[in-house]
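Student: See upload09.txt below, with compact mmCIF, C-alpha atoms.
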# COMPACT_ATOMS: atom_id res chain seq x y z
CA MET A 1 70.95 -70.79 223.86
CA TYR A 2 74.37 -70.74 222.23
CA GLU A 3 75.89 -67.25 222.19
CA LEU A 4 78.57 -66.43 219.63
CA LYS A 5 80.60 -63.25 220.09
CA VAL A 6 81.31 -62.42 216.46
CA ALA A 7 84.21 -60.11 217.33
CA ASN A 8 85.98 -62.96 219.13
CA LEU A 9 85.80 -65.09 216.01
CA VAL A 10 86.58 -62.60 213.22
CA GLY A 11 87.59 -59.31 214.85
CA ASP A 12 85.81 -55.98 214.62
CA ARG A 13 85.71 -55.76 210.80
CA CYS A 14 82.99 -57.99 209.39
CA VAL A 15 83.69 -57.55 205.70
CA THR A 16 85.09 -60.66 204.02
CA SER A 17 83.34 -63.77 202.79
CA GLU A 18 86.05 -65.86 204.47
CA ASP A 19 85.10 -64.43 207.86
CA GLY A 20 81.41 -64.86 207.06
CA GLN A 21 82.01 -68.53 206.29
CA LYS A 22 83.66 -68.95 209.71
CA VAL A 23 80.50 -67.69 211.40
CA TYR A 24 78.30 -69.91 209.23
CA ASP A 25 80.42 -72.99 209.97
CA GLU A 26 80.18 -72.24 213.68
CA ILE A 27 76.41 -71.86 213.87
CA VAL A 28 74.93 -74.11 211.21
CA PRO A 29 75.43 -77.46 213.04
CA LYS A 30 73.70 -76.00 216.09
CA LEU A 31 70.81 -74.66 214.03
CA ARG A 32 70.45 -78.11 212.46
CA SER A 33 70.08 -79.46 215.99
CA ASN A 34 67.33 -76.92 216.61
CA GLU A 35 69.48 -75.03 219.08
CA LYS A 36 68.77 -71.32 219.53
CA ILE A 37 71.66 -69.03 218.57
CA CYS A 38 72.51 -65.50 219.57
CA LEU A 39 74.94 -63.73 217.26
CA ASP A 40 76.36 -60.94 219.38
CA PHE A 41 78.02 -58.18 217.35
CA GLU A 42 79.27 -56.18 220.33
CA GLY A 43 82.67 -54.68 219.49
CA THR A 44 82.24 -54.88 215.72
CA THR A 45 82.47 -51.69 213.68
CA ILE A 46 82.63 -52.14 209.91
CA PHE A 47 80.34 -54.29 207.79
CA ALA A 48 80.08 -55.31 204.16
CA SER A 49 77.81 -57.57 202.17
CA PRO A 50 80.35 -60.36 201.41
CA PHE A 51 80.53 -61.13 205.14
CA PHE A 52 76.76 -61.27 205.63
CA ASN A 53 76.21 -63.22 202.40
CA LEU A 54 78.20 -66.10 203.82
CA ALA A 55 77.49 -65.72 207.54
CA VAL A 56 73.73 -65.31 207.30
CA GLY A 57 72.49 -65.17 203.70
CA GLN A 58 73.38 -68.75 202.88
CA LEU A 59 71.41 -69.99 205.91
CA LEU A 60 68.33 -69.39 203.77
CA LYS A 61 69.27 -72.28 201.52
CA ASP A 62 69.10 -74.59 204.57
CA PHE A 63 66.30 -73.11 206.69
CA SER A 64 62.98 -71.35 206.23
CA SER A 65 62.49 -67.71 207.25
CA ASP A 66 60.17 -68.80 210.08
CA LYS A 67 62.76 -71.21 211.40
CA LEU A 68 65.50 -68.58 211.33
CA ASN A 69 63.27 -65.99 213.01
CA GLU A 70 62.63 -68.56 215.72
CA LEU A 71 66.19 -69.79 216.22
CA LEU A 72 68.53 -66.92 215.34
CA GLU A 73 68.80 -63.74 217.37
CA ILE A 74 70.99 -60.82 216.31
CA LEU A 75 72.31 -58.69 219.13
CA ASN A 76 74.22 -55.38 219.29
CA LEU A 77 74.40 -54.88 215.55
CA GLY A 78 74.56 -51.15 214.77
CA PRO A 79 72.62 -49.38 212.00
CA ASN A 80 75.44 -49.84 209.44
CA GLY A 81 75.32 -53.56 209.98
CA ILE A 82 71.53 -53.80 210.07
CA LEU A 83 71.28 -51.99 206.73
CA ALA A 84 73.70 -54.36 205.02
CA LEU A 85 72.24 -57.43 206.72
CA LYS A 86 68.67 -56.58 205.70
CA ARG A 87 69.73 -56.15 202.07
CA VAL A 88 71.57 -59.44 202.15
CA ILE A 89 68.60 -61.29 203.63
CA LYS A 90 66.23 -59.77 201.08
CA ASN A 91 68.57 -60.74 198.25
CA SER A 92 69.15 -64.26 199.57
CA LYS A 93 65.43 -64.85 200.13
CA LYS A 94 64.77 -63.98 196.49
CA TYR A 95 67.38 -66.46 195.42
CA PHE A 96 66.78 -69.37 197.73
CA GLN A 97 63.11 -69.25 198.62
CA ASP A 98 61.06 -67.85 195.78
CA PRO A 99 61.52 -69.68 192.47
CA LYS A 100 59.47 -67.04 190.64
CA ILE A 101 61.60 -64.17 191.83
CA LYS A 102 64.76 -66.19 191.65
CA ASP A 103 64.88 -65.71 187.89
CA ALA A 104 63.82 -62.06 187.95
CA LEU A 105 67.25 -60.77 187.09
CA ASP A 106 67.51 -63.25 184.27
CA THR A 107 64.16 -62.12 182.92
CA THR A 108 65.13 -58.46 183.18
CA ILE A 109 68.32 -59.02 181.31
CA GLU A 110 66.64 -61.21 178.71
CA GLU A 111 64.10 -58.46 178.07
CA GLU A 112 66.92 -55.95 177.74
CA ALA A 113 68.69 -58.23 175.32
CA GLU A 114 65.54 -58.61 173.23
CA ASP A 115 65.15 -54.82 173.12
CA LYS A 116 68.42 -54.50 171.25
CA MET B 1 115.48 -57.10 175.40
CA SER B 2 117.78 -54.10 175.54
CA SER B 3 115.88 -51.53 173.45
CA ALA B 4 113.82 -48.98 175.36
CA ASN B 5 110.81 -46.92 174.29
CA GLN B 6 110.32 -43.53 175.85
CA PHE B 7 106.78 -42.26 176.49
CA SER B 8 105.72 -38.83 177.57
CA ILE B 9 103.12 -38.63 180.34
CA PRO B 10 100.84 -35.64 179.75
CA THR B 11 98.72 -33.76 182.29
CA ILE B 12 95.91 -36.10 183.31
CA ASN B 13 92.86 -35.08 185.32
CA ASP B 14 89.66 -37.12 185.58
CA THR B 15 87.35 -35.84 182.88
CA PRO B 16 86.19 -38.27 180.18
CA SER B 17 88.84 -36.88 177.81
CA ASP B 18 91.49 -37.55 180.46
CA PHE B 19 90.37 -41.17 180.71
CA ASN B 20 90.58 -41.29 176.93
CA ILE B 21 94.20 -40.13 177.21
CA LEU B 22 94.85 -42.89 179.76
CA CYS B 23 93.32 -45.49 177.41
CA GLU B 24 95.49 -44.33 174.51
CA LEU B 25 98.61 -44.17 176.63
CA GLY B 26 97.93 -47.64 178.03
CA ASN B 27 97.24 -49.15 174.61
CA THR B 28 100.36 -47.57 173.09
CA VAL B 29 102.67 -48.56 175.92
CA LEU B 30 101.31 -52.06 176.39
CA SER B 31 101.51 -52.86 172.68
CA SER B 32 105.16 -51.78 172.57
CA THR B 33 108.03 -54.21 172.98
CA GLY B 34 111.18 -53.75 175.02
CA ASN B 35 111.85 -51.70 178.08
CA VAL B 36 109.83 -48.61 178.88
CA ILE B 37 110.86 -45.16 180.06
CA PHE B 38 108.31 -42.58 181.20
CA ASP B 39 109.05 -38.89 180.97
CA PHE B 40 107.11 -36.26 182.95
CA SER B 41 108.35 -33.09 181.26
CA SER B 42 104.97 -32.42 179.58
CA CYS B 43 102.98 -33.15 182.71
CA GLN B 44 101.58 -30.37 184.88
CA PHE B 45 99.29 -32.43 187.09
CA LEU B 46 98.22 -36.00 187.76
CA ARG B 47 94.99 -37.01 189.46
CA PRO B 48 94.82 -40.20 191.58
CA ASN B 49 93.10 -42.13 188.76
CA ALA B 50 96.12 -41.48 186.55
CA ILE B 51 98.62 -42.38 189.26
CA ALA B 52 96.87 -45.64 190.16
CA PHE B 53 96.68 -46.53 186.45
CA LEU B 54 100.34 -45.68 185.80
CA GLY B 55 101.44 -47.82 188.73
CA GLY B 56 99.39 -50.78 187.57
CA MET B 57 100.58 -50.40 183.99
CA ALA B 58 104.20 -50.34 185.15
CA ARG B 59 103.72 -53.54 187.15
CA LEU B 60 101.99 -55.20 184.20
CA ILE B 61 104.96 -54.37 181.96
CA GLU B 62 107.39 -55.63 184.60
CA ASN B 63 105.31 -58.79 184.82
CA GLU B 64 106.09 -59.33 181.13
CA GLY B 65 109.81 -59.25 181.95
CA ARG B 66 110.36 -55.70 180.73
CA LYS B 67 111.99 -52.94 182.72
CA VAL B 68 110.15 -49.71 183.57
CA THR B 69 111.90 -46.47 184.45
CA PHE B 70 110.15 -43.29 185.58
CA LEU B 71 112.33 -40.24 184.95
CA PHE B 72 111.29 -38.36 188.09
CA LYS B 73 113.96 -35.72 187.48
CA THR B 74 111.94 -34.57 184.43
CA ALA B 75 108.84 -33.88 186.53
CA PRO B 76 107.87 -30.27 187.31
CA ASP B 77 108.01 -29.50 191.04
CA LYS B 78 104.25 -29.72 191.52
CA VAL B 79 104.05 -33.19 189.96
CA LEU B 80 107.14 -34.45 191.76
CA THR B 81 105.72 -33.21 195.07
CA ILE B 82 102.52 -35.23 194.53
CA LEU B 83 104.45 -38.35 193.50
CA ARG B 84 106.76 -38.08 196.51
CA GLN B 85 103.97 -37.31 198.96
CA ASN B 86 101.81 -40.25 197.95
CA GLY B 87 104.79 -42.62 197.86
CA PHE B 88 104.49 -43.46 194.16
CA ALA B 89 108.02 -42.21 193.53
CA HIS B 90 109.33 -44.36 196.37
CA HIS B 91 107.58 -47.45 194.98
CA PHE B 92 109.40 -46.86 191.70
CA GLY B 93 112.88 -46.20 192.90
CA LEU B 94 113.12 -42.68 194.29
CA LEU B 95 114.42 -43.09 197.80
CA GLU B 96 113.53 -39.78 199.41
CA PHE B 97 110.31 -39.66 201.37
CA SER B 98 108.32 -36.54 202.08
CA GLY B 99 105.34 -35.85 204.32
CA PRO B 100 101.96 -36.93 202.95
CA GLY B 101 100.65 -33.39 202.41
CA LEU B 102 97.23 -33.62 200.80
CA SER B 103 97.91 -37.01 199.28
CA VAL B 104 96.44 -40.35 200.23
CA PRO B 105 99.20 -42.95 199.82
CA TYR B 106 99.57 -44.90 196.61
CA ARG B 107 99.30 -48.60 197.43
CA GLU B 108 99.58 -51.92 195.64
CA ASP B 109 97.68 -55.00 196.76
CA PRO B 110 98.05 -58.54 195.48
CA VAL B 111 95.01 -60.52 194.42
CA GLY B 112 94.07 -64.02 195.51
CA PRO B 113 92.51 -65.17 198.77
CA ILE B 114 92.09 -62.28 201.17
CA ARG B 115 94.58 -62.74 203.99
CA PRO B 116 93.48 -61.40 207.41
CA ASN B 117 96.27 -58.82 207.47
CA LEU B 118 95.39 -57.66 203.94
CA LYS B 119 91.81 -57.01 205.03
CA ASP B 120 93.04 -54.97 207.98
CA ASP B 121 95.65 -53.15 205.88
CA ILE B 122 93.02 -51.98 203.41
CA ILE B 123 90.44 -51.11 206.06
CA ASP B 124 93.10 -49.14 207.97
CA TYR B 125 94.07 -47.39 204.75
CA LEU B 126 90.50 -46.33 204.06
CA THR B 127 89.78 -45.46 207.70
CA TYR B 128 92.91 -43.55 208.65
CA GLU B 129 94.80 -42.58 205.47
CA TRP B 130 91.84 -41.67 203.28
CA LEU B 131 88.99 -40.58 205.57
CA GLY B 132 90.73 -40.14 208.90
CA ARG B 133 92.87 -37.13 208.18
CA GLY B 134 90.27 -34.59 209.25
CA TRP B 135 89.32 -33.64 205.71
CA VAL B 136 85.81 -35.04 205.88
CA HIS B 137 84.04 -34.15 209.09
CA VAL B 138 81.92 -37.18 209.78
CA SER B 139 81.07 -39.17 212.88
CA THR B 140 82.88 -42.41 213.60
CA LYS B 141 79.72 -44.33 212.70
CA LEU B 142 79.42 -42.62 209.34
CA ARG B 143 83.13 -43.06 208.66
CA ASP B 144 82.74 -46.79 209.32
CA ALA B 145 79.72 -46.89 207.01
CA ILE B 146 81.72 -45.25 204.21
CA VAL B 147 84.62 -47.66 204.71
CA GLY B 148 82.22 -50.61 204.57
CA VAL B 149 80.74 -49.62 201.21
CA VAL B 150 84.11 -48.70 199.69
CA TRP B 151 85.45 -52.08 200.83
CA GLU B 152 82.90 -53.57 198.43
CA ILE B 153 85.05 -52.26 195.54
CA TYR B 154 88.12 -54.04 196.84
CA ASP B 155 86.18 -57.21 197.49
CA ASN B 156 84.68 -57.12 193.98
CA THR B 157 88.11 -56.69 192.48
CA PHE B 158 89.65 -59.49 194.52
CA GLU B 159 86.71 -61.71 193.63
CA HIS B 160 86.15 -60.94 189.96
CA SER B 161 89.02 -59.14 188.26
CA ASN B 162 91.35 -62.10 187.65
CA SER B 163 94.14 -59.55 187.67
CA ASN B 164 97.60 -61.12 187.63
CA ILE B 165 99.24 -58.12 189.19
CA GLY B 166 96.80 -56.94 191.82
CA LEU B 167 95.07 -53.64 192.36
CA PHE B 168 96.37 -50.14 192.75
CA SER B 169 94.90 -47.34 194.84
CA CYS B 170 95.63 -43.67 195.25
CA GLY B 171 93.79 -40.67 196.64
CA GLN B 172 93.97 -36.94 197.08
CA HIS B 173 92.26 -34.20 199.03
CA PHE B 174 91.38 -31.07 197.05
CA PRO B 175 90.70 -28.39 199.67
CA ARG B 176 89.57 -25.64 197.31
CA LEU B 177 87.09 -27.99 195.62
CA ARG B 178 86.19 -29.44 199.05
CA ILE B 179 86.33 -32.97 197.69
CA LEU B 180 88.14 -36.17 198.55
CA GLN B 181 89.03 -38.59 195.77
CA LEU B 182 89.95 -42.26 195.74
CA ALA B 183 90.87 -44.22 192.62
CA VAL B 184 91.27 -48.00 192.40
CA ALA B 185 92.68 -49.56 189.23
CA ASP B 186 93.20 -53.13 188.15
CA PHE B 187 94.40 -54.69 184.94
CA GLY B 188 92.11 -57.70 185.12
CA ILE B 189 89.42 -59.11 182.87
CA GLY B 190 87.11 -56.08 183.14
CA ILE B 191 83.47 -56.00 184.20
CA PRO B 192 81.90 -56.15 180.69
CA ARG B 193 83.93 -59.18 179.62
CA ASN B 194 83.11 -60.98 182.85
CA VAL B 195 79.38 -60.26 182.52
CA LYS B 196 79.37 -61.01 178.77
CA ARG B 197 80.92 -64.41 179.41
CA PHE B 198 78.31 -65.13 182.10
CA TRP B 199 75.41 -64.31 179.76
CA GLN B 200 76.95 -65.90 176.67
CA ASN B 201 76.94 -69.16 178.60
CA ARG B 202 73.17 -68.63 178.87
CA GLY B 203 72.78 -67.83 175.17
CA ILE B 204 72.46 -64.06 175.51
CA GLU B 205 74.68 -61.44 173.86
CA LEU B 206 74.96 -58.09 175.61
CA SER B 207 76.71 -54.86 174.73
CA SER B 208 79.34 -53.57 177.15
CA ASP B 209 77.22 -50.69 178.49
CA ARG B 210 74.37 -53.10 179.27
CA CYS B 211 76.80 -55.39 181.01
CA LEU B 212 77.91 -52.54 183.21
CA ARG B 213 74.30 -51.52 183.91
CA TRP B 214 73.49 -55.10 184.88
CA ALA B 215 76.45 -55.22 187.29
CA PHE B 216 74.86 -52.38 189.30
CA GLN B 217 71.53 -54.16 189.75
CA GLU B 218 70.66 -55.52 193.16
CA GLY B 219 71.65 -59.15 193.34
CA ALA B 220 73.53 -59.18 190.03
CA SER B 221 76.44 -61.55 190.32
CA THR B 222 78.32 -63.74 187.91
CA LYS B 223 79.13 -66.09 190.78
CA THR B 224 76.33 -68.54 191.31
CA GLN B 225 77.79 -71.25 193.49
CA GLY B 226 76.61 -71.77 197.04
CA THR B 227 75.19 -68.45 198.04
CA ARG B 228 73.68 -65.28 196.68
CA ARG B 229 76.01 -62.31 196.17
CA GLY B 230 75.94 -59.24 193.98
CA LEU B 231 75.12 -56.37 196.32
CA GLY B 232 78.45 -54.54 196.35
CA LEU B 233 78.04 -52.10 193.46
CA ASN B 234 74.37 -51.63 194.28
CA LEU B 235 75.13 -50.67 197.89
CA LEU B 236 77.90 -48.35 196.75
CA LYS B 237 75.57 -46.69 194.24
CA ASP B 238 72.93 -46.13 196.91
CA PHE B 239 75.49 -44.63 199.25
CA ILE B 240 76.87 -42.29 196.57
CA ASN B 241 73.35 -41.16 195.65
CA LYS B 242 72.33 -40.50 199.25
CA ASN B 243 75.50 -38.60 200.06
CA HIS B 244 75.95 -36.41 196.99
CA GLY B 245 79.10 -38.15 195.87
CA LYS B 246 80.25 -39.16 192.44
CA LEU B 247 81.18 -42.62 191.22
CA GLU B 248 82.71 -43.37 187.85
CA ILE B 249 83.77 -46.72 186.49
CA TYR B 250 85.76 -47.12 183.31
CA SER B 251 85.98 -50.78 182.41
CA GLN B 252 87.25 -51.90 179.02
CA ASP B 253 85.07 -50.13 176.44
CA SER B 254 82.31 -48.97 178.79
CA TYR B 255 81.69 -46.20 181.27
CA ALA B 256 79.35 -45.79 184.24
CA LEU B 257 78.58 -42.54 186.02
CA ILE B 258 76.56 -42.24 189.23
CA HIS B 259 76.13 -38.59 190.14
CA ASP B 260 73.33 -36.31 191.33
CA LYS B 261 70.98 -39.31 191.61
CA LYS B 262 71.41 -39.98 187.90
CA GLU B 263 72.97 -42.99 186.26
CA ARG B 264 74.66 -43.10 182.90
CA PHE B 265 76.03 -46.18 181.19
CA GLN B 266 77.65 -45.89 177.80
CA ASN B 267 80.08 -47.49 175.41
CA ILE B 268 83.29 -45.61 174.77
CA ASN B 269 85.51 -45.64 171.72
CA ASN B 270 88.77 -46.53 173.37
CA SER B 271 89.19 -49.69 175.39
CA LEU B 272 90.90 -49.58 178.76
CA HIS B 273 92.96 -52.46 180.04
CA GLY B 274 91.00 -53.55 183.11
CA THR B 275 89.00 -51.20 185.29
CA ILE B 276 89.36 -47.87 187.05
CA VAL B 277 86.93 -46.96 189.82
CA ASN B 278 86.91 -43.28 190.71
CA ILE B 279 85.06 -42.10 193.83
CA ILE B 280 84.60 -38.48 194.85
CA LEU B 281 83.13 -37.55 198.23
CA ARG B 282 82.14 -34.11 199.41
CA CYS B 283 84.02 -32.89 202.48
CA ASP B 284 81.05 -31.09 204.00
CA GLU B 285 79.26 -33.05 206.71
CA SER B 286 75.91 -31.51 205.79
CA TYR B 287 75.86 -33.53 202.55
CA TYR B 288 75.72 -36.82 204.43
CA TYR B 289 72.73 -38.83 205.42
CA PHE B 290 72.95 -41.38 208.18
CA ALA B 291 70.13 -43.39 209.67
CA ASP B 292 70.88 -43.75 213.36
CA GLU B 293 67.98 -46.02 214.15
CA ILE B 294 66.63 -48.65 211.84
CA PRO B 295 63.56 -50.61 212.93
CA VAL B 296 64.51 -54.26 212.93
CA GLY B 297 61.35 -56.40 213.26
CA PRO B 298 61.60 -60.02 212.15
CA LEU B 299 64.81 -60.20 210.15
CA PHE B 300 63.99 -63.12 207.89
Could you spell out this file's structure in structure tokens?
Tutor:
Amino acid sequence: MYELKVANLVGDRCVTSEDGQKVYDEIVPKLRSNEKICLDFEGTTIFASPFFNLAVGQLLKDFSSDKLNELLEILNLGPNGILALKRVIKNSKKYFQDPKIKDALDTTIEEEAEDK
Amino acid sequence: MSSANQFSIPTINDTPSDFNILCELGNTVLSSTGNVIFDFSSCQFLRPNAIAFLGGMARLIENEGRKVTFLFKTAPDKVLTILRQNGFAHHFGLLEFSGPGLSVPYREDPVGPIRPNLKDDIIDYLTYEWLGRGWVHVSTKLRDAIVGVVWEIYDNTFEHSNSNIGLFSCGQHFPRLRILQLAVADFGIGIPRNVKRFWQNRGIELSSDRCLRWAFQEGASTKTQGTRRGLGLNLLKDFINKNHGKLEIYSQDSYALIHDKKERFQNINNSLHGTIVNIILRCDESYYYFADEIPVGPLF
């Protein structure tokens, strides 16, 4: 298993998409080789969705949920981070994995527009 | 360009009529030509939203090659104290510093790619200058959670505003009201115009208030390349609702209010240049909700 200490790569503030992309770039080749990954968040403190969108959310365009549950382990992520991460995963799954739900926002807005 | 226009800055709080005053002042000043002088003699108080807006407006005018002068000597003591304490006066030429008092420093941040030090500067600002002064009694974990969701505003602005001059922040603690305020202003494209453009490209016309409402939906993002985004305003809204705060956004000709678990989106008569985000947090710990343990289960 490959273990990545997130704090060593991006510091303790996991908030920017640029930092999220660094994490993604580090782990995606290994996931493509079917290698198990542990993302260790020990020492991180502040989290925001742009970071998780790029670090984890975009993995769902490349891999199925089952595959990611099998290969990717998240360690030492506090409740702040878990909350943001879960929202990001839910949002990314809608977008990348379910074509019916993918257009839900479009439908909502189209209905609103027609109501005018 | 030697002629100068003098404008009087009135008292500006943060009620809807105060934002209307800001809109009118901004439209009048920005449509003028020549150099600009601001006079404070009619001003009894300025809230952070007004200070952030004034700073941004001054930089926008300077960006057009015009000179801006603030006549700080015309300011009543109370106003001058605020402007010195938060550093606004120093940014615009007054050399004397004073202690921060109840003010959260006025700051200016460039737009463009987020440099590592810029990220840390802003996070430090929110952590130590805004929340970390002992005004809001929250645990370190909750403080970090608040900083994370407020960062979403900065990230949104860096990502979407297309502001040429950056963004402008200012805050203040109001001990008698037991509230803490933070205002962030930019003079960029504005949320409604950005969303309108996105939907026009898909053959749909939307009013400004509907554009603003859409921007708060989970997963709503005008950026579609590569990955899914669009959680920032939604996460911020949830946080404000759970923690009895207040969030207002004035963007161009639309207004959003999140307060007391209610949402209001409406069109307004005057149009603001860019966007002002106004956040008010309660200083009493008992208003805050924090989930210490969240069951994880399979993540994906």
Student: Rounded to one decimal in Å, what is the spacing between CA of Val138 in chain B and CA of Arg282 in chain B?
Tutor: 10.8 Å
Student: Give me the residues within 9 Å of Arg143 in chain B as a PyMOL selection string, counting all atoms listed in the file and dropping any in the same chain fewer than 4 places off.
Tutor: chain B and resi 127+131-132+136-139+147-148
Student: Tell me, as a ChimeraX atom specification, which residues lie within 10 Å of range 258-260 of chain B, counting all atoms listed in the file; anything in the same chain fewer than 4 positions away does not count.
Tutor: /B:236-238,240-249,264-265,279-280
Student: For chain B, which residue among A:Asn8, A:Ser33, A:Gln21, A:Thr45 is the nearest when counting all atoms listed in the file?
Tutor: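 Of the candidates, the smallest distance to chain B is held by A:Thr45.
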Student: Mind listing as a PDB file with C-alpha atoms, in the coordinates of the input all residues within 6 Å of (63.6, -68.1, 201.5), counting all atoms listed in the file?
Tutor:
ATOM      1  CA  LEU A  60      68.330 -69.390 203.770  1.00  0.00           C
ATOM      2  CA  SER A  64      62.980 -71.350 206.230  1.00  0.00           C
ATOM      3  CA  SER A  65      62.490 -67.710 207.250  1.00  0.00           C
ATOM      4  CA  LYS A  93      65.430 -64.850 200.130  1.00  0.00           C
ATOM      5  CA  PHE A  96      66.780 -69.370 197.730  1.00  0.00           C
ATOM      6  CA  GLN A  97      63.110 -69.250 198.620  1.00  0.00           C
TER       7      GLN A  97
END
Student: Per residue of chain A within 9 Å of chain B, record the nearest atom pair and its distance in Å to one decimal, counting all atoms listed in the file, with rows in chain order and ascending residue number, as CSV.
Tutor:
residue,atom,partner,partner_atom,distance
A:Arg13,CA,B:Asp120,CA,7.9
A:Cys14,CA,B:Gly148,CA,8.8
A:Val15,CA,B:Gly148,CA,7.2
A:Thr16,CA,B:Asp155,CA,7.5
A:Ser17,CA,B:Asp155,CA,8.9
A:Glu18,CA,B:Ile114,CA,7.8
A:Asp19,CA,B:Pro116,CA,8.9
A:Thr45,CA,B:Asp144,CA,6.6
A:Ile46,CA,B:Asp144,CA,5.4
A:Phe47,CA,B:Gly148,CA,5.2
A:Ala48,CA,B:Gly148,CA,5.2
A:Ser49,CA,B:Leu231,CA,6.5
A:Pro50,CA,B:Arg229,CA,7.1
A:Asn53,CA,B:Arg229,CA,6.3
A:Leu54,CA,B:Thr227,CA,6.9
A:Gly57,CA,B:Thr227,CA,7.1
A:Gln58,CA,B:Thr227,CA,5.2
A:Leu59,CA,B:Thr227,CA,8.9
A:Leu60,CA,B:Phe300,CA,8.7
A:Lys61,CA,B:Thr227,CA,7.9
A:Ser64,CA,B:Phe300,CA,8.5
A:Ser65,CA,B:Phe300,CA,4.9
A:Asp66,CA,B:Phe300,CA,7.2
A:Lys67,CA,B:Phe300,CA,8.9
A:Leu68,CA,B:Phe300,CA,6.6
A:Asn69,CA,B:Phe300,CA,5.9
A:Glu73,CA,B:Leu299,CA,9.0
A:Ile74,CA,B:Leu299,CA,8.7
A:Gly78,CA,B:Glu293,CA,8.4
A:Pro79,CA,B:Ile294,CA,6.0
A:Asn80,CA,B:Ala145,CA,5.7
A:Gly81,CA,B:Ala145,CA,8.5
A:Ile82,CA,B:Ile294,CA,7.3
A:Leu83,CA,B:Ile294,CA,7.7
A:Ala84,CA,B:Leu235,CA,8.2
A:Leu85,CA,B:Leu299,CA,8.6
A:Lys86,CA,B:Leu299,CA,6.9
A:Arg87,CA,B:Leu231,CA,7.9
A:Val88,CA,B:Leu231,CA,7.5
A:Ile89,CA,B:Phe300,CA,6.5
A:Lys90,CA,B:Phe300,CA,7.9
A:Asn91,CA,B:Gly219,CA,6.0
A:Ser92,CA,B:Arg228,CA,5.5
A:Lys93,CA,B:Phe300,CA,8.1
A:Lys94,CA,B:Gly219,CA,9.0
A:Tyr95,CA,B:Arg228,CA,6.5
A:Phe96,CA,B:Arg228,CA,8.1
A:Leu105,CA,B:Ala220,CA,7.1
A:Ile109,CA,B:Trp214,CA,7.4
A:Glu110,CA,B:Ile204,CA,7.2
A:Glu112,CA,B:Arg210,CA,8.1
A:Ala113,CA,B:Leu206,CA,6.3
A:Lys116,CA,B:Leu206,CA,8.6
Student: Here is a test: counting only C-alpha atoms, which residue of A:Asp62, A:Glu35, A:Glu26, A:Asp40 is nearest to Leu75 in chain A?
Tutor: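 Ranking A:Asp62, A:Glu35, A:Glu26, A:Asp40 by distance to Leu75 in chain A, first place goes to A:Asp40.
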Student: Tell me which protein, DNA and RNA residues are within 10 Å of Leu94 in chain B, counting all atoms listed in the file, leaving out same-chain ones fewer than 3 positions away, and put them as a list in words.
Tutor: Phe70, Leu71, Phe72, Lys73, Leu83, Arg84, Gly87, Phe88, Ala89, His90, His91 and Phe97 of chain B
Student: Quick one, how far is CA of Cys283 in chain B from CA of Asn49 in chain B?
Tutor: 18.9 Å
Student: Select, from A:Leu72, A:Leu39, A:Leu4, A:Ala55, the residue with the minimum atom-to-atom distance to Gly20 in chain A, counting only C-alpha atoms.
Tutor: A:Ala55
Student: So how far away is CA of His273 in chain B from CA of Leu126 in chain B, in Å?
Tutor: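 Straight-line distance from CA of Leu126 in chain B to CA of His273 in chain B works out to 24.9 Å.
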Student: Show me the residues close to (89.3, -55.2, 187.8) - anything with an atom within 6 Å, counting only C-alpha atoms - and format the list as a PyMOL selection string.
Tutor: chain B and resi 157+161+186-188+190+274-275
Student: Which one of B:Ala75, B:Ala256, B:Val111, B:Leu182 sits closest to Trp130 in chain B if you count all atoms listed in the file?
Tutor: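 The closest residue to Trp130 in chain B is B:Leu182.
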Student: Ranking B:Phe53, B:Tyr106, B:Phe45, B:Phe38 by minimum distance to Asp77 in chain B and counting only C-alpha atoms, which one comes first?
Tutor: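 Of all the options, B:Phe45 lies closest to Asp77 in chain B.
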Student: Mind working out the centre and edge lengths of an axis-aligned box for range 144-155 of chain B, all listed atoms inside, 3 Å added to each side, rounded to one decimal in Å and written as lines of an AutoDock Vina configuration file?
Tutor:
center_x = 83.9
center_y = -51.2
center_z = 202.4
size_x = 14.4
size_y = 18.0
size_z = 19.8
